[in-house]
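Chemist: Handing over coords_1.cif, mmCIF, C-alpha atoms.
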```cif
data_my_file
#
loop_
_atom_site.label_atom_id
_atom_site.label_comp_id
_atom_site.auth_asym_id
_atom_site.auth_seq_id
_atom_site.Cartn_x
_atom_site.Cartn_y
_atom_site.Cartn_z
CA MET A 27 0.00 0.00 0.00
CA SER A 28 1.43 3.35 -1.00
CA LYS A 29 1.79 6.21 1.41
CA VAL A 30 2.35 9.93 1.20
CA LYS A 31 5.91 11.05 1.92
CA ILE A 32 6.58 14.63 3.00
CA ILE A 33 9.83 16.25 1.88
CA SER A 34 10.83 19.84 2.60
CA ASP A 35 13.80 21.88 1.59
CA SER A 36 16.01 22.61 4.59
CA THR A 37 14.77 26.17 4.93
CA CYS A 38 11.89 24.74 6.99
CA ASP A 39 14.30 24.86 9.97
CA LEU A 40 12.63 21.94 11.76
CA SER A 41 14.58 20.26 14.55
CA GLU A 42 15.96 16.77 14.07
CA GLU A 43 13.47 15.60 16.70
CA LEU A 44 10.48 16.90 14.71
CA LEU A 45 11.83 15.49 11.46
CA ILE A 46 12.09 12.05 13.05
CA GLN A 47 8.80 12.30 14.95
CA TYR A 48 6.83 13.16 11.80
CA ASP A 49 8.94 11.13 9.33
CA ILE A 50 9.84 14.18 7.24
CA ALA A 51 12.68 14.03 4.73
CA VAL A 52 14.81 17.08 3.98
CA LEU A 53 16.36 18.29 0.75
CA PRO A 54 19.39 20.35 1.82
CA HIS A 55 19.69 23.88 0.49
CA PRO A 56 23.16 24.75 -0.81
CA ILE A 57 24.91 27.58 0.98
CA VAL A 58 27.82 29.44 -0.60
CA ARG A 59 30.34 30.71 1.95
CA ASP A 60 33.64 32.19 0.83
CA GLY A 61 33.21 30.56 -2.58
CA GLU A 62 32.70 27.11 -1.03
CA LEU A 63 29.47 25.21 -1.75
CA LEU A 64 28.11 23.66 1.45
CA GLN A 65 24.92 21.72 2.23
CA ASP A 66 22.60 23.17 4.90
CA ASN A 67 22.65 20.96 8.02
CA VAL A 68 24.98 18.50 6.30
CA SER A 69 28.33 20.23 5.84
CA ILE A 70 27.41 23.44 7.66
CA THR A 71 25.24 24.00 10.73
CA PRO A 72 23.08 26.99 11.61
CA ASP A 73 25.57 27.82 14.40
CA ASP A 74 28.40 27.86 11.82
CA ILE A 75 26.35 30.25 9.67
CA TYR A 76 25.57 32.56 12.61
CA LYS A 77 29.22 32.63 13.69
CA TRP A 78 30.45 33.32 10.15
CA SER A 79 27.79 36.00 9.66
CA ASP A 80 28.78 37.75 12.90
CA GLU A 81 32.46 37.65 11.98
CA ASN A 82 31.92 38.86 8.41
CA LYS A 83 28.97 41.24 9.01
CA THR A 84 27.04 39.63 6.15
CA THR A 85 25.12 36.49 5.38
CA PRO A 86 26.27 33.71 3.07
CA LYS A 87 24.56 33.31 -0.27
CA THR A 88 22.24 30.42 -1.03
CA ALA A 89 21.42 28.49 -4.16
CA ALA A 90 18.60 26.19 -5.15
CA PRO A 91 19.27 22.48 -4.67
CA SER A 92 20.56 20.74 -7.78
CA ILE A 93 18.20 18.75 -9.93
CA GLU A 94 20.33 15.67 -9.14
CA ASP A 95 19.79 16.17 -5.40
CA ALA A 96 16.05 16.61 -5.95
CA ILE A 97 15.92 13.47 -8.11
CA ASN A 98 17.78 11.53 -5.42
CA ALA A 99 15.31 12.81 -2.81
CA ILE A 100 12.31 11.57 -4.83
CA LYS A 101 13.73 8.34 -6.26
CA PRO A 102 13.33 6.00 -3.23
CA TYR A 103 9.69 7.00 -2.86
CA LYS A 104 9.05 6.45 -6.56
CA GLU A 105 10.60 2.99 -6.24
CA ALA A 106 8.25 2.31 -3.29
CA GLY A 107 5.27 3.59 -5.28
CA ASP A 108 4.59 6.39 -2.80
CA ASP A 109 3.16 9.80 -3.49
CA VAL A 110 5.41 12.71 -2.53
CA ILE A 111 4.55 16.19 -1.31
CA MET A 112 7.50 18.57 -1.51
CA PHE A 113 7.70 21.96 0.21
CA ALA A 114 9.89 24.75 -1.10
CA ILE A 115 10.90 28.16 0.16
CA SER A 116 8.89 30.95 -1.46
CA GLU A 117 9.26 31.08 -5.23
CA ASP A 118 9.81 34.82 -4.79
CA MET A 119 13.14 33.92 -3.11
CA SER A 120 14.36 30.81 -4.92
CA THR A 121 13.87 28.48 -7.86
CA THR A 122 13.74 25.47 -5.52
CA ALA A 123 10.08 24.66 -6.29
CA ASN A 124 10.82 24.61 -10.00
CA VAL A 125 13.84 22.35 -9.46
CA MET A 126 11.55 19.93 -7.59
CA ARG A 127 9.03 19.99 -10.44
CA LEU A 128 11.77 19.38 -13.02
CA ALA A 129 13.14 16.47 -10.97
CA ALA A 130 9.69 14.85 -10.84
CA LYS A 131 9.35 15.31 -14.59
CA GLU A 132 12.83 13.87 -15.19
CA LEU A 133 11.76 10.77 -13.24
CA TYR A 134 8.45 10.55 -15.18
CA TYR A 135 6.74 10.76 -11.79
CA GLU A 136 5.14 14.20 -11.89
CA GLU A 137 1.63 12.77 -11.40
CA HIS A 138 2.77 11.52 -7.97
CA VAL A 139 4.87 14.50 -6.86
CA PHE A 140 3.04 17.54 -5.53
CA VAL A 141 5.20 20.64 -5.11
CA ILE A 142 4.02 23.32 -2.72
CA ASN A 143 5.35 26.84 -3.02
CA SER A 144 5.20 27.70 0.68
CA GLU A 145 5.21 31.44 -0.03
CA SER A 146 7.18 31.59 3.20
CA LEU A 147 10.45 30.62 4.85
CA SER A 148 11.80 29.16 8.08
CA THR A 149 9.12 28.43 10.69
CA GLY A 150 6.45 29.52 8.21
CA ILE A 151 7.35 26.51 6.07
CA GLY A 152 7.94 24.37 9.14
CA HIS A 153 4.39 24.77 10.43
CA LEU A 154 2.93 23.82 7.05
CA VAL A 155 5.26 20.83 6.70
CA VAL A 156 4.33 19.45 10.13
CA GLU A 157 0.62 19.89 9.37
CA ALA A 158 1.05 18.00 6.08
CA ALA A 159 2.90 15.21 7.90
CA ILE A 160 0.07 14.92 10.43
CA LEU A 161 -2.46 14.66 7.61
CA ALA A 162 -0.33 12.07 5.81
CA ARG A 163 -0.14 10.02 9.00
CA LYS A 164 -3.95 10.17 9.15
CA LYS A 165 -3.99 8.64 5.64
CA PHE A 166 -5.30 11.71 3.80
CA GLN A 167 -4.87 11.55 0.04
CA PRO A 168 -2.14 13.80 -1.38
CA GLU A 169 -4.67 16.03 -3.14
CA GLU A 170 -6.52 16.54 0.15
CA ILE A 171 -3.28 17.42 1.94
CA VAL A 172 -2.29 19.93 -0.74
CA GLU A 173 -5.75 21.51 -0.68
CA THR A 174 -5.63 21.86 3.12
CA ILE A 175 -2.12 23.36 3.05
CA GLU A 176 -3.13 25.82 0.33
CA THR A 177 -6.02 27.03 2.51
CA LEU A 178 -3.64 27.44 5.49
CA LYS A 179 -0.88 29.35 3.66
CA PRO A 180 -2.54 32.79 3.94
CA TYR A 181 -2.62 32.39 7.73
CA VAL A 182 1.07 31.69 8.10
CA ARG A 183 3.46 34.58 8.62
CA ALA A 184 7.17 34.25 9.21
CA SER A 185 10.08 36.61 9.48
CA PHE A 186 13.77 35.92 9.42
CA VAL A 187 16.35 38.00 11.24
#
```
Before we go any further, please render this structure as structure tokens.

Modeler:
Amino acid sequence: MSKVKIISDSTCDLSEELLIQYDIAVLPHPIVRDGELLQDNVSITPDDIYKWSDENKTTPKTAAPSIEDAINAIKPYKEAGDDVIMFAISEDMSTTANVMRLAAKELYYEEHVFVINSESLSTGIGHLVVEAAILARKKFQPEEIVETIETLKPYVRASFV
């Protein structure tokens, strides 16, 4: 029996405990620091970013995940026959959502991959992701989950300092 897998880009800023508790997968966001390409929460931690930002009086640049990374995030769930709901940072800030769509298309799995433009960042995405995971656990269909999240998006506000 197929299930619905929730995947978010790492800008959702959910703790490891919440990711495990709600069985949420994460697609790391690349971070460019001093010309070096690092993976959010893989090869660089938020504390590393804060420290570097304080020392350099700026923030590192980010990039959208690669299509290869997005394909690799989807592939095990395609092989299991699962539907996938993917959350991306606001499309006003990044092309991440489009990369996710292109990865699904590349895998010929776009009818099973639902990409949500969160229209938010950080905890704004995080709240939506957790809600989707709760609905998935309750065996809601992917279309029902997406519809519910779309109705909740206007009520979510987040800021990043």

Chemist: If the PyMOL selection byres ((chain A and resi 156-160) around 8) were run on this exact file, what residues would it hold? Put them as a VMD selection string.

Modeler: chain A and resid 31 to 32 48 to 50 152 to 155 161 to 164 171 to 172 175

Chemist: Between A:Val30, A:Ala90, A:Leu44, A:Ile75, which has the minimum distance to Phe140 (chain A) (counting only C-alpha atoms)?

Modeler: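 Distance minimum relative to Phe140 (chain A) lands on A:Val30.
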
Chemist: Expand the PyMOL selection byres ((chain A and resi 122) around 9) into the individual residues it matches in the shown file, reporting them as an NGL selection string.

Modeler: :A and (35 or 55 or 89-92 or 114-117 or 119-121 or 123-127 or 143)

Chemist: So how far away is CA of Ile93 (chain A) from CA of Glu132 (chain A), in Å?

Modeler: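 So the two atoms, CA of Glu132 (chain A) and CA of Ile93 (chain A), lie 9.0 Å apart.
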
Chemist: Which of these, A:Glu81, A:Glu170, A:Asp74, A:Glu94, has the shortest distance to Ala129 (chain A) once you count all atoms listed in the file?

Modeler: A:Glu94

Chemist: Between CA of Val110 (chain A) and CA of Ile33 (chain A), what is the distance, to one decimal in Å?

Modeler: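 Distance between the two atoms: 7.2 Å.
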
Chemist: Between CA of Ile57 (chain A) and CA of Ser79 (chain A), what is the spacing in Å?

Modeler: 12.4 Å

Chemist: From the set A:Leu63, A:Met112, A:Ala51, A:Leu133, which residue has the shortest atom-to-atom contact distance to Pro168 (chain A), counting all atoms listed in the file?

Modeler: A:Met112

Chemist: From the options A:Asn82, A:Ser36, A:Ser144, A:Ser41, which residue's atoms come nearest to Pro54 (chain A), counting only C-alpha atoms?

Modeler: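 Smallest separation from Pro54 (chain A) among the options: A:Ser36.
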
Chemist: Would you translate the PyMOL selection byres ((chain A and resi 98-109) around 6) into the concrete set of residues it matches in this file, as a PyMOL selection string?

Modeler: chain A and resi 28-30+95-97+110+138

Chemist: Set the distance at 12 Å and use all atoms listed in the file: which residues neighbour Thr84 (chain A) once local chain neighbours fewer than 3 positions away are removed? I'd like the list as JSON, numbers by chain.

Modeler: {"A": [59, 60, 75, 76, 77, 78, 79, 80, 81, 87, 187]}

Chemist: Please identify all polymer residues within 7 Å of Thr149 (chain A), counting all atoms listed in the file, omitting same-chain residues fewer than 5 positions from it, and present them as a PyMOL selection string.

Modeler: chain A and resi 38-39+184

Chemist: When you look at Arg183 (chain A) with a cut-off of 8 Å (counting only C-alpha atoms), what residues show up, excluding the ones that are within fewer than 3 positions of it in the same chain? I need them as a PyMOL selection string.

Modeler: chain A and resi 146+150+180
